[in-house]
Amino acid sequence: MKYIFQKGKDASKATLLLLHGTGGNETSLLPLAEEIDKDASMLSVRGNVLENGMHRFFRRLREGVFDEEDLIFRTKELYEFLDEAAKEHGFDRDNVIAIGYSNGANIAASLLFHYEDALKGAILHHPMVPRRGIELPNLAHTQVFIGAGENDPMCTAEESKELYDLLGKAGANVHISWSQQGHQLTLQEVREAAKWYEES
């Protein structure tokens, strides 16, 4: 996988795993990560799937409908990549917090849905429910922030609440922050995430 790794000033802090939205790349969320924690290490990954020339983390059949088989494969691919990157760059594999937007938030949520030890925590900006009808792992030690838009046409308020409930039932400590915006990521939402990160 193509990525950027930036070693942080404080090795005791979590490594921030940055996962862009559709059409982004490994540089897209670097400024956002600076807002969250400028002293942390950053691992920013480019999605391996192309859709009309735009990078994504997994295929979809159409807008809002995921290719579930590809989602499972790409989630495993990312999970294994994290193991390899931790060895190569010497960061603590058990201290990784994902920051994802849209498609990137969906693959981060999928990591949580499939692996108990994938992430210490996650900041999910405008995520959807990655899969339904499966039993989630025990997420009792996982902290999750969900940034949701009450008027988001791609990820409805109902879907955001469903994800909140599913993660909560799996034991995760979940905080949801609502905005009046649509699917776009706003500075206010990033600041809400930064505040949550500092306090969690």
# chains A, B, ... in the order shown; residues from 1 in each chain; ligands from 1
>>> residues_around(residues="A:Val144", least_positions_apart="6", cutoff="8 Å", atoms="only C-alpha atoms", output="PyMOL selection string")
chain A and resi 121-124+172-175
>>> write_last_selection(atoms="all heavy atoms", output="compact mmCIF listing (two decimals), in the first residue's frame")
# COMPACT_ATOMS: atom_id res chain seq x y z
N GLY A 121 -8.59 3.16 19.04
CA GLY A 121 -9.71 4.08 18.95
C GLY A 121 -9.88 4.55 17.52
O GLY A 121 -9.08 4.22 16.64
N ALA A 122 -10.94 5.33 17.30
CA ALA A 122 -11.21 5.80 15.93
C ALA A 122 -12.00 7.10 15.97
O ALA A 122 -12.89 7.27 16.81
CB ALA A 122 -11.97 4.75 15.14
N ILE A 123 -11.62 8.00 15.07
CA ILE A 123 -12.39 9.21 14.80
C ILE A 123 -13.01 9.01 13.42
O ILE A 123 -12.29 8.98 12.41
CB ILE A 123 -11.50 10.46 14.85
CG1 ILE A 123 -10.95 10.67 16.26
CG2 ILE A 123 -12.27 11.69 14.37
CD1 ILE A 123 -9.93 11.79 16.38
N LEU A 124 -14.32 8.86 13.39
CA LEU A 124 -15.03 8.52 12.15
C LEU A 124 -15.87 9.72 11.71
O LEU A 124 -16.87 10.04 12.34
CB LEU A 124 -15.93 7.30 12.37
CG LEU A 124 -15.25 6.06 12.98
CD1 LEU A 124 -16.28 4.97 13.25
CD2 LEU A 124 -14.14 5.54 12.08
N ALA A 172 -17.87 -0.70 22.97
CA ALA A 172 -17.06 0.50 22.73
C ALA A 172 -17.64 1.71 23.46
O ALA A 172 -18.85 1.79 23.68
CB ALA A 172 -16.99 0.79 21.23
N ASN A 173 -16.77 2.62 23.84
CA ASN A 173 -17.18 3.90 24.43
C ASN A 173 -17.33 4.88 23.27
O ASN A 173 -16.34 5.35 22.72
CB ASN A 173 -16.12 4.37 25.43
CG ASN A 173 -16.54 5.65 26.13
OD1 ASN A 173 -17.62 6.18 25.89
ND2 ASN A 173 -15.67 6.16 26.98
N VAL A 174 -18.56 5.16 22.87
CA VAL A 174 -18.84 5.91 21.65
C VAL A 174 -19.41 7.29 21.96
O VAL A 174 -20.32 7.42 22.77
CB VAL A 174 -19.83 5.16 20.72
CG1 VAL A 174 -19.86 5.81 19.34
CG2 VAL A 174 -19.46 3.70 20.60
N HIS A 175 -18.84 8.30 21.30
CA HIS A 175 -19.38 9.67 21.39
C HIS A 175 -19.80 10.09 19.98
O HIS A 175 -19.05 9.89 19.02
CB HIS A 175 -18.31 10.63 21.91
CG HIS A 175 -18.72 12.07 21.85
ND1 HIS A 175 -19.58 12.64 22.78
CD2 HIS A 175 -18.43 13.05 20.97
CE1 HIS A 175 -19.78 13.92 22.47
NE2 HIS A 175 -19.09 14.19 21.37
>>> residues_around(residues="stretch 31-41 of chain A", least_positions_apart="3", cutoff="12 Å", atoms="only C-alpha atoms", output="PyMOL selection string")
chain A and resi 4-20+26-28+44+86+89-92+95-101+123+125+185-199
>>> closest_residue(among="A:Leu82, A:Val49, A:Leu112, A:Leu71", to="A:Glu135", atoms="only C-alpha atoms")
A:Leu112
>>> atom_distance(atom1="atom CA of A:Arg132", atom2="atom CA of A:Glu150")
21.8 Å
